[in-house]
Amino acid sequence: MKIDTILFDLDNTLFDFNKAERIALTKALLQMGADPTESVLHRFSQINLAQWKLLEQGKLNRNQVKIRRFQLLFDELNLNCDAKETAKVYESLLGMGHYFMEGAEQVLRTLSPQYHLYLVTNGTASVQRSRMKSAKLERYLKDSFISEEIGFDKPSKEYFSHCFQHIPGFQKQSTIIVGDSLTSDIQGGKNAGIRTVWFNPSHASNPSDIIPDYEIAYLKDLPELVQSI
């Protein structure tokens, strides 16, 4: 059965989250009186990713992730900064503006007249909604599913069950998910019984046992791939 429905992850698939994170974090740390050196920014990124992984595993809830990532950073740096306030400032800044990944807007423009496009993201609702509005993503999407609003996170079956129930005429055989995260997007797709496309622009190796059905390094290659499936 030909593909007619495409689920897109948002961060580091359609939007350049690394760039957005760096800009928002730099401004937030400066407001808190901390020095946003290159090593500090890099360390936060590592800590942040680790906390979201724990969320995926059900070991932390969303509010814990938001504050814990800053508390761990400040503890490591021996900084007397308010983690809760920093998280609030950071999220506010993160929701301002958007930065498309290379080729992302063009691929949405190309695919949206031919396929039903949906967004599936574990991001914070207020941040994601603000960035999506800034980018005018509604022009291309049928709907968007944000885990904080749903009450379940990728890669859980419950998250995808909710999405599927809200997609008119949904059929697993004609649906594919595109995302950069093996543990969230690809594992989630496998849990849900749909085909998966791993977006891997850095040509990273895959040390896990999570095997995507397809892999691309450039979003511009997606239309041809989907057509061939």
# chains A, B, ... in the order shown; residues from 1 in each chain; ligands from 1

call {"tool": "residues_around", "arguments": {"residues": "range 7-11 of chain A", "least_positions_apart": "6", "cutoff": "9 Å", "atoms": "only C-alpha atoms", "output": "JSON, numbers by chain"}}
result
{"A": [17, 18, 116, 117, 118, 119, 120, 121, 122, 123, 128, 175, 176, 177, 178, 179, 180, 181, 185]}

call {"tool": "residues_around", "arguments": {"residues": "Ala104 in chain A", "least_positions_apart": "2", "cutoff": "10 Å", "atoms": "only C-alpha atoms", "output": "list of chain:residue names"}}
result
A:Thr13, A:Leu14, A:Phe15, A:Asp16, A:Tyr99, A:Phe100, A:Met101, A:Glu102, A:Gln106, A:Val107, A:Leu108, A:Arg109, A:Thr110, A:Tyr218, A:Leu219, A:Lys220

call {"tool": "residues_around", "arguments": {"residues": "range 50-66 of chain A", "least_positions_apart": "4", "cutoff": "12 Å", "atoms": "only C-alpha atoms", "output": "PyMOL selection string"}}
result
chain A and resi 43-46+70-73+83-91+121-125+147-149+151-157+159+181-185+187-188

call {"tool": "write_last_selection", "arguments": {"atoms": "N, CA, C and O atoms", "output": "compact mmCIF listing (two decimals), in the first residue's frame"}}
result
# COMPACT_ATOMS: atom_id res chain seq x y z
N ARG A 43 27.93 21.25 27.69
CA ARG A 43 27.58 20.38 28.82
C ARG A 43 26.07 20.39 29.07
O ARG A 43 25.48 19.34 29.36
N PHE A 44 25.45 21.56 28.95
CA PHE A 44 24.00 21.62 29.13
C PHE A 44 23.29 20.75 28.09
O PHE A 44 22.34 20.03 28.40
N SER A 45 23.75 20.83 26.86
CA SER A 45 23.15 20.04 25.79
C SER A 45 23.20 18.55 26.12
O SER A 45 22.23 17.82 25.90
N GLN A 46 24.34 18.10 26.66
CA GLN A 46 24.48 16.68 27.05
C GLN A 46 23.52 16.33 28.19
O GLN A 46 22.84 15.29 28.15
N PHE A 70 18.82 22.04 34.64
CA PHE A 70 19.54 23.24 35.09
C PHE A 70 20.18 23.02 36.46
O PHE A 70 21.29 23.48 36.71
N GLN A 71 19.47 22.31 37.33
CA GLN A 71 20.02 22.06 38.67
C GLN A 71 21.30 21.23 38.57
O GLN A 71 22.29 21.51 39.26
N LEU A 72 21.30 20.22 37.70
CA LEU A 72 22.49 19.39 37.51
C LEU A 72 23.65 20.22 36.95
O LEU A 72 24.80 20.06 37.38
N LEU A 73 23.33 21.10 36.01
CA LEU A 73 24.37 21.96 35.43
C LEU A 73 24.96 22.88 36.49
O LEU A 73 26.19 22.99 36.63
N ALA A 83 17.45 27.25 39.60
CA ALA A 83 17.18 26.37 38.46
C ALA A 83 15.75 26.55 37.94
O ALA A 83 15.51 26.54 36.73
N LYS A 84 14.80 26.73 38.85
CA LYS A 84 13.41 26.88 38.45
C LYS A 84 13.19 28.16 37.66
O LYS A 84 12.52 28.16 36.61
N GLU A 85 13.78 29.24 38.12
CA GLU A 85 13.64 30.53 37.43
C GLU A 85 14.37 30.49 36.09
O GLU A 85 13.88 31.03 35.08
N THR A 86 15.53 29.86 36.07
CA THR A 86 16.29 29.74 34.82
C THR A 86 15.50 28.96 33.78
O THR A 86 15.46 29.33 32.60
N ALA A 87 14.84 27.89 34.22
CA ALA A 87 14.03 27.08 33.31
C ALA A 87 12.90 27.90 32.72
O ALA A 87 12.59 27.78 31.52
N LYS A 88 12.30 28.74 33.54
CA LYS A 88 11.20 29.60 33.08
C LYS A 88 11.67 30.59 32.03
O LYS A 88 11.04 30.77 30.98
N VAL A 89 12.80 31.23 32.30
CA VAL A 89 13.37 32.21 31.37
C VAL A 89 13.78 31.52 30.06
O VAL A 89 13.50 32.01 28.96
N TYR A 90 14.43 30.38 30.19
CA TYR A 90 14.90 29.62 29.03
C TYR A 90 13.74 29.22 28.12
O TYR A 90 13.81 29.40 26.89
N GLU A 91 12.67 28.70 28.70
CA GLU A 91 11.53 28.28 27.89
C GLU A 91 10.89 29.45 27.17
O GLU A 91 10.46 29.34 26.01
N THR A 121 5.57 15.36 18.45
CA THR A 121 6.70 15.90 19.20
C THR A 121 6.55 15.70 20.71
O THR A 121 5.44 15.77 21.25
N ASN A 122 7.68 15.48 21.36
CA ASN A 122 7.72 15.39 22.82
C ASN A 122 8.02 16.73 23.48
O ASN A 122 8.16 16.80 24.68
N GLY A 123 8.13 17.77 22.71
CA GLY A 123 8.52 19.07 23.26
C GLY A 123 7.47 19.68 24.18
O GLY A 123 6.32 19.22 24.25
N THR A 124 7.86 20.74 24.87
CA THR A 124 6.95 21.47 25.75
C THR A 124 5.90 22.20 24.91
O THR A 124 6.25 22.88 23.93
N ALA A 125 4.65 22.09 25.28
CA ALA A 125 3.55 22.59 24.45
C ALA A 125 3.67 24.08 24.15
O ALA A 125 3.53 24.50 23.00
N SER A 147 3.15 15.85 23.09
CA SER A 147 3.01 14.89 24.18
C SER A 147 2.49 15.52 25.48
O SER A 147 1.71 14.90 26.19
N GLU A 148 2.92 16.73 25.77
CA GLU A 148 2.47 17.38 27.00
C GLU A 148 0.95 17.57 27.00
O GLU A 148 0.31 17.48 28.06
N GLU A 149 0.37 17.80 25.85
CA GLU A 149 -1.08 17.97 25.75
C GLU A 149 -1.81 16.63 25.77
O GLU A 149 -2.96 16.55 26.23
N GLY A 151 -0.59 13.68 27.24
CA GLY A 151 -0.41 12.96 28.50
C GLY A 151 0.45 11.72 28.38
O GLY A 151 0.68 11.02 29.36
N PHE A 152 0.93 11.44 27.18
CA PHE A 152 1.86 10.35 26.93
C PHE A 152 2.99 10.86 26.04
O PHE A 152 2.81 11.83 25.30
N ASP A 153 4.15 10.20 26.13
CA ASP A 153 5.32 10.62 25.36
C ASP A 153 5.72 9.56 24.35
O ASP A 153 5.49 8.37 24.55
N LYS A 154 6.33 10.01 23.25
CA LYS A 154 7.02 9.05 22.38
C LYS A 154 8.13 8.41 23.19
O LYS A 154 8.75 9.10 23.98
N PRO A 155 8.38 7.13 23.08
CA PRO A 155 7.91 6.19 22.05
C PRO A 155 6.75 5.31 22.48
O PRO A 155 6.56 4.25 21.90
N SER A 156 5.97 5.71 23.48
CA SER A 156 4.94 4.82 24.03
C SER A 156 3.84 4.52 23.02
O SER A 156 3.48 5.36 22.18
N LYS A 157 3.28 3.34 23.11
CA LYS A 157 2.17 2.95 22.25
C LYS A 157 0.96 3.84 22.51
O LYS A 157 0.19 4.14 21.59
N TYR A 159 0.90 6.99 23.24
CA TYR A 159 1.05 8.27 22.52
C TYR A 159 0.56 8.09 21.08
O TYR A 159 -0.24 8.87 20.56
N SER A 181 15.52 10.85 16.05
CA SER A 181 15.82 10.10 17.27
C SER A 181 15.48 8.62 17.12
O SER A 181 14.32 8.25 16.88
N LEU A 182 16.49 7.78 17.29
CA LEU A 182 16.26 6.33 17.24
C LEU A 182 15.37 5.88 18.40
O LEU A 182 14.46 5.06 18.21
N THR A 183 15.62 6.42 19.59
CA THR A 183 14.90 5.95 20.78
C THR A 183 13.49 6.50 20.88
O THR A 183 12.62 5.88 21.50
N SER A 184 13.24 7.66 20.30
CA SER A 184 11.92 8.28 20.38
C SER A 184 11.10 8.03 19.12
O SER A 184 10.03 7.43 19.16
N ASP A 185 11.61 8.47 17.97
CA ASP A 185 10.84 8.41 16.73
C ASP A 185 10.84 7.01 16.10
O ASP A 185 9.79 6.48 15.75
N GLN A 187 11.96 4.02 17.44
CA GLN A 187 11.40 3.02 18.35
C GLN A 187 9.90 3.22 18.50
O GLN A 187 9.13 2.25 18.56
N GLY A 188 9.47 4.48 18.54
CA GLY A 188 8.04 4.77 18.64
C GLY A 188 7.27 4.24 17.45
O GLY A 188 6.20 3.65 17.59

call {"tool": "select_by_dssp", "arguments": {"residues": "range 21-110 of chain A", "states": "helix (DSSP H, G or I)", "output": "VMD selection string"}}
result
chain A and resid 21 to 31 38 to 56 62 to 77 83 to 94 104 to 110

call {"tool": "write_last_selection", "arguments": {"atoms": "C-alpha atoms", "output": "mmCIF file, in the first residue's frame"}}
result
data_model
loop_
_atom_site.group_PDB
_atom_site.id
_atom_site.type_symbol
_atom_site.label_atom_id
_atom_site.label_comp_id
_atom_site.auth_asym_id
_atom_site.auth_seq_id
_atom_site.Cartn_x
_atom_site.Cartn_y
_atom_site.Cartn_z
ATOM 1 C CA GLU A 21 18.844 25.898 22.262
ATOM 2 C CA ARG A 22 22.198 27.630 22.013
ATOM 3 C CA ILE A 23 20.686 31.075 21.468
ATOM 4 C CA ALA A 24 18.048 30.733 24.205
ATOM 5 C CA LEU A 25 20.463 29.178 26.688
ATOM 6 C CA THR A 26 23.097 31.857 26.156
ATOM 7 C CA LYS A 27 20.567 34.610 26.873
ATOM 8 C CA ALA A 28 19.055 32.776 29.865
ATOM 9 C CA LEU A 29 22.417 32.132 31.523
ATOM 10 C CA LEU A 30 23.465 35.743 31.035
ATOM 11 C CA GLN A 31 20.229 36.865 32.708
ATOM 12 C CA GLU A 38 31.327 27.029 24.897
ATOM 13 C CA SER A 39 31.982 24.238 27.377
ATOM 14 C CA VAL A 40 28.984 25.223 29.507
ATOM 15 C CA LEU A 41 26.668 25.271 26.490
ATOM 16 C CA HIS A 42 27.960 21.884 25.359
ATOM 17 C CA ARG A 43 27.578 20.380 28.820
ATOM 18 C CA PHE A 44 23.998 21.616 29.128
ATOM 19 C CA SER A 45 23.147 20.041 25.792
ATOM 20 C CA GLN A 46 24.480 16.683 27.051
ATOM 21 C CA ILE A 47 22.604 16.940 30.354
ATOM 22 C CA ASN A 48 19.422 18.062 28.618
ATOM 23 C CA LEU A 49 19.459 15.147 26.177
ATOM 24 C CA ALA A 50 20.024 12.690 29.029
ATOM 25 C CA GLN A 51 16.990 14.026 30.933
ATOM 26 C CA TRP A 52 14.724 13.703 27.890
ATOM 27 C CA LYS A 53 15.914 10.109 27.489
ATOM 28 C CA LEU A 54 14.839 9.465 31.090
ATOM 29 C CA LEU A 55 11.444 10.961 30.237
ATOM 30 C CA GLU A 56 11.126 8.571 27.287
ATOM 31 C CA ARG A 62 8.177 16.663 32.232
ATOM 32 C CA ASN A 63 8.380 19.178 35.074
ATOM 33 C CA GLN A 64 11.298 17.284 36.592
ATOM 34 C CA VAL A 65 13.141 17.399 33.267
ATOM 35 C CA LYS A 66 12.651 21.159 32.897
ATOM 36 C CA ILE A 67 14.211 21.993 36.258
ATOM 37 C CA ARG A 68 16.582 19.053 36.823
ATOM 38 C CA ARG A 69 18.681 19.787 33.722
ATOM 39 C CA PHE A 70 19.542 23.236 35.093
ATOM 40 C CA GLN A 71 20.022 22.056 38.666
ATOM 41 C CA LEU A 72 22.494 19.389 37.507
ATOM 42 C CA LEU A 73 24.370 21.958 35.434
ATOM 43 C CA PHE A 74 24.569 24.480 38.269
ATOM 44 C CA ASP A 75 25.640 21.789 40.740
ATOM 45 C CA GLU A 76 28.475 20.745 38.430
ATOM 46 C CA LEU A 77 29.611 24.350 37.994
ATOM 47 C CA ALA A 83 17.179 26.372 38.463
ATOM 48 C CA LYS A 84 13.406 26.880 38.453
ATOM 49 C CA GLU A 85 13.644 30.526 37.429
ATOM 50 C CA THR A 86 16.290 29.740 34.815
ATOM 51 C CA ALA A 87 14.030 27.078 33.313
ATOM 52 C CA LYS A 88 11.198 29.595 33.082
ATOM 53 C CA VAL A 89 13.372 32.212 31.365
ATOM 54 C CA TYR A 90 14.903 29.620 29.030
ATOM 55 C CA GLU A 91 11.527 28.277 27.887
ATOM 56 C CA SER A 92 10.253 31.779 27.230
ATOM 57 C CA LEU A 93 13.284 32.537 25.066
ATOM 58 C CA LEU A 94 13.149 29.155 23.330
ATOM 59 C CA ALA A 104 12.725 21.443 5.718
ATOM 60 C CA GLU A 105 10.362 24.118 4.481
ATOM 61 C CA GLN A 106 10.842 23.088 0.871
ATOM 62 C CA VAL A 107 10.074 19.449 1.635
ATOM 63 C CA LEU A 108 6.904 20.465 3.508
ATOM 64 C CA ARG A 109 5.884 22.631 0.572
ATOM 65 C CA THR A 110 6.506 19.745 -1.827
#

call {"tool": "atom_distance", "arguments": {"atom1": "CA of Gly97 in chain A", "atom2": "CA of Arg131 in chain A"}}
result
5.7 Å

call {"tool": "closest_residue", "arguments": {"among": "A:Met96, A:Trp198, A:Phe164, A:Ile146", "to": "Leu222 in chain A", "atoms": "only C-alpha atoms"}}
result
A:Trp198

call {"tool": "closest_residue", "arguments": {"among": "A:Pro201, A:Gly33, A:Gly169, A:Pro113", "to": "Cys81 in chain A", "atoms": "only C-alpha atoms"}}
result
A:Gly33

call {"tool": "select_by_dssp", "arguments": {"residues": "range 5-219 of chain A", "states": "strand (DSSP E or B)", "output": "ChimeraX atom specification"}}
result
/A:5-8,11,15,100,116-121,143-146,175-179,195-199,214-216

call {"tool": "residues_around", "arguments": {"residues": "Ser228 in chain A", "least_positions_apart": "3", "cutoff": "12 Å", "atoms": "only C-alpha atoms", "output": "number ranges by chain"}}
result
A: 1-3, 214, 221-225

call {"tool": "closest_residue", "arguments": {"among": "A:Ser205, A:Val127, A:Asn200, A:Pro212", "to": "Ile186 in chain A", "atoms": "only C-alpha atoms"}}
result
A:Pro212

call {"tool": "residues_around", "arguments": {"residues": "Gly193 in chain A", "least_positions_apart": "4", "cutoff": "9 Å", "atoms": "only C-alpha atoms", "output": "list in words"}}
result
Lys172, Gln173, Gly188 and Gly189 of chain A

call {"tool": "closest_residue", "arguments": {"among": "A:Ile210, A:Tyr115, A:Ser174, A:Ala192", "to": "Ile229 in chain A", "atoms": "only C-alpha atoms"}}
result
A:Ser174
